[in-house]
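Visitor: Below you'll find the structure I mean.
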2 protein chains.
Amino acid sequence: MQFDVTILGSNAAIPAYNRHPSSQALNYNGNIFLIDCGEGTQFRMNEFGIKRGNLNNIFISHLHGDHYFGLVALLTSFNLNWREHPLHIYGPPALEEIINVHFKHSSTQLRYELHFHSVLADEPKIIYEDSTLTVETIILTHRLPTTGFLFKEKKHLRKIIAEKITEYNIPHHKITDIKRGEDFIDESGKKISNAELTLDPLPQRSYAYCSDTVYTESFIEQIKGVNTLYHEATFIHEHEERATETFHTTTKQAAKIAKLSNAGKLLIGHFSARYDDLNFLLNESKEVFPETFLAEEGKTFSI
Amino acid sequence: MQFDVTILGSNAAIPAYNRHPSSQALNYNGNIFLIDCGEGTQFRMNEFGIKRGNLNNIFISHLHGDHYFGLVALLTSFNLNWREHPLHIYGPPALEEIINVHFKHSSTQLRYELHFHSVLADEPKIIYEDSTLTVETIILTHRLPTTGFLFKEKKHLRKIIAEKITEYNIPHHKITDIKRGEDFIDESGKKISNAELTLDPLPQRSYAYCSDTVYTESFIEQIKGVNTLYHEATFIHEHEERATETFHTTTKQAAKIAKLSNAGKLLIGHFSARYDDLNFLLNESKEVFPETFLAEEGKTFSI
């Protein structure tokens with residue numbers, strides 16, 4: 001199962017050095033989940049070949065413009081491109097009013113169903129679920145109500161050993177039960193234990209998106225063991241005071257969260273426009289958490 | 001006096017082929033006037049070196065998103081960049097509600113004064129005036145109330161001939177009166193006619209921005225003799241029916257407007273996303289009006 005994330009926008013509020021505001025496209029087995037949608041997200045979806053037809057769910061963390069100013073433009077382009085299948089948006093309640101005021105004044109009639117799901121930043125909860133994946137909110141601490149998002153694979157089925165099917169003449173209709181962990185009773189009534197027939201399933205993978213937030217350990221337990229953590233690192237560590245004032249995080253703080261969460265790897269992003277060269281930020285974070293990567297636009301990270 | 005226009009966005013509603021939605025930066029003697037502000041306008045202002053500090057007036061033609069979706073992002077960036085001097089916006093009344101709903105939900109407090117000027121698409125009127133320039137609305141015919149904008153230099157003063165100042169010993173405080181057309185009475189009481197002292201002033205230059213609109217000759221008299229006309233040409237002429245249905249214009253129709261207006265040159269833009277190569281559009285327009293140019297992004301046209 002493909003499970004990766006492509007960075008569409010990596011900068012904080014002011015675009016600079018050809019870096020743009022926040023947006024990411026998460027691909028799970030061909031389904032695209034868009035996380036935040038800063039200005040120009042649709043341009044970078046074109047540039048990086050993100051398939052719009054496979055995008056059905058958009059998650060918006062909070063209502064600072066650098067996280068959603070591209071949304072109504074994207075919704076409008078879908079409409080002009082004759083989209084017909086439904087689209088779901090998950091975001092702060094007021095986002096619905098913002099979308100509606102634009103559409104009202106442009107007399108826009110959508111050709112597709114737009115389902116708006118209000119997301120409150122009060123406590124972590126599952127806001128999306130399908131047969132393979134759940135998405136939970138992560139409660140962040142910022143100047144506005146803000147949620148991160150934890151994408152978690154559901155538990156995989158056990159892997160059946162192909163030769164055992166032949167050896168015990170297992171009928172087709174029993175396969176799923178065995179994958180779920182059941183033993184098998186053969187024609188003679190003999191029980192074959194599940195442990196003999198199957199291998200452990202693939203581990204459940206997960207991706208956590210945490211932006212924007214001041215340094216807080218409040219969600220560490222929730223994301224413990226996450227495969228890939230995206231955590232904002234707006235500032236270098238020397239600017240810690242400024243980070244705290246503006247409810248943002250430094251490189252070393254993001255790295256500390258990754259370490260405490262026992263994350264597999266850390267992507268840092270939401271870079272302040274004051275930094276041209278990002279290697280200094282990368283190196284600072286690596287001092288605390290070596291498996292750090294810069295969430296640079298156009299890069300795709302396997303989860 | 002510098003008087004030119006830089007194209008920031010040249011495409012119709014759907015961005016394509018690295019062409020972006022409508023925006024232009026008009027430079028009059030160093031003052032920047034922004035006309036329309038599609039998504040990503042601030043990125044292209046950076047790219048093409050448009051000086052934001054000199055931008056004090058923004059004109060929005062109508063409320064289709066491809067003409068204003070970049071506006072609130074630009075206003076926000078001004079704020080984050082510590083702008084302090086006032087900014088004026090001229091546009092449809094509902095635009096103010098749109099701006100306010102964004103700022104309300106992001107708890108944005110502007111550091112600078114934002115003056116909103118409601119522009120109705122009822123009859124042509126002067127909506128901006130300073131010592132050198134006026135801006136008049138042009139009433140266009142589109143699916144929403146839409147105005148174009150006519151930028152007109154005020155009448156220049158006559159040019160005084162430097163040698164005559166010495167010859168007749170003209171005192172400094174008389175110079176402006178003479179430039180305005182007065183005769184000069186010298187110390188002996190002799191009248192020197194203005195015609196002897198001055199040359200004709202520079203001609204008044206003008207720029208008309210007409211987008212979006214169906215083909216209409218209703219504003220021809222108003223823009224007669226315009227130096228540079230920007231007129232939308234969303235479609236090739238074969239797609240005239242589609243143009244009429246959607247209240248847009250074809251290449252040959254735009255060229256006909258330029259011809260009837262006796263324009264100096266014609267810039268065509270607002271290209272449909274269906275056309276990759278624009279040379280066909282250019283050539284079609286040139287058949288009717290040879291002085292046609294493609295309003296390609298990054299190009300600057302002297303007016």
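Naming works like this for the structure tokens: A, B, ... for the chains as they're shown, residue 1 at the start of each chain, ligands 1 onward in shown order.
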For chain A against chain B, which residues fall within 7 Å using only C-alpha atoms, given as a PDB file with C-alpha atoms, in the first residue's frame?

Guide:
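Resulting contents of part34.pdb:
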```
ATOM      1  CA  ILE A  14       5.032  35.384   4.180  1.00  0.00           C
ATOM      2  CA  GLU A  39      -2.413  30.410  -1.546  1.00  0.00           C
ATOM      3  CA  GLY A  40      -1.311  28.843  -4.810  1.00  0.00           C
ATOM      4  CA  LEU A  63      -7.835  30.012   9.966  1.00  0.00           C
ATOM      5  CA  HIS A  64      -4.598  31.867   9.489  1.00  0.00           C
ATOM      6  CA  GLY A  65      -4.561  32.667   5.804  1.00  0.00           C
ATOM      7  CA  PHE A  69      -6.138  31.106   1.263  1.00  0.00           C
ATOM      8  CA  ALA A  73      -9.732  28.951  -5.610  1.00  0.00           C
ATOM      9  CA  SER A  77     -11.281  25.230 -10.281  1.00  0.00           C
ATOM     10  CA  ALA A  94     -16.069  29.579  10.519  1.00  0.00           C
ATOM     11  CA  ILE A  98     -15.855  32.113   4.505  1.00  0.00           C
ATOM     12  CA  VAL A 101     -19.554  34.369   1.319  1.00  0.00           C
ATOM     13  CA  HIS A 102     -17.261  33.925  -1.700  1.00  0.00           C
ATOM     14  CA  HIS A 105     -21.035  37.020  -4.262  1.00  0.00           C
ATOM     15  CA  SER A 106     -19.747  35.224  -7.352  1.00  0.00           C
TER      16      SER A 106
END
```

Visitor: Going by DSSP on the backbone, which residues of segment 106-260 of chain B come out as strand (DSSP E)? List them as a PyMOL selection string.

Guide: chain B and resi 114-118+126-129+133-139+147-153+159-160+184-185+191-192+198-199+206-210+228-232

Visitor: Give the answer as one residue: which of A:Arg180, A:Lys152, A:Lys224, A:Lys252 has the shortest atom-to-atom distance to Glu136 of chain A, using only C-alpha atoms?

Guide: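 Nearest candidate to Glu136 of chain A out of A:Arg180, A:Lys152, A:Lys224, A:Lys252: A:Lys152.
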
Visitor: Write out as a list of chain:residue names which residues come within 9 Å of Gly181 of chain A when counting only C-alpha atoms, dropping same-chain ones fewer than 2 positions away.

Guide: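 Near Gly181 of chain A, the qualifying residues are A:Leu157, A:Arg158, A:Thr176, A:Asp177, A:Ile178, A:Lys179, A:Asp183, A:Asn194, A:Ala195, A:Thr198.
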
Visitor: Fewer than 2 positions away in the same chain doesn't count, so skip those; otherwise give me all residues within 6 Å of segment 212-223 of chain B, counting only C-alpha atoms, as a PyMOL selection string.

Guide: chain B and resi 140-142+226+247-249+261

Visitor: Give me the residues within 12 Å of Ile35 of chain A as a PyMOL selection string, counting only C-alpha atoms and dropping any in the same chain fewer than 6 places off.

Guide: chain A and resi 5-9+21-27+41+55-62+67-68+70-71+89-91+135+147-151+207-211+230

Visitor: Identify, with DSSP run on backbone atoms, the residues in segment 49-265 of chain A assigned to alpha helix (DSSP H), and express the list as a ChimeraX atom specification.

Guide: /A:71-80,94-105,162-167,175-179,194-197,220-223,240-245,251-260
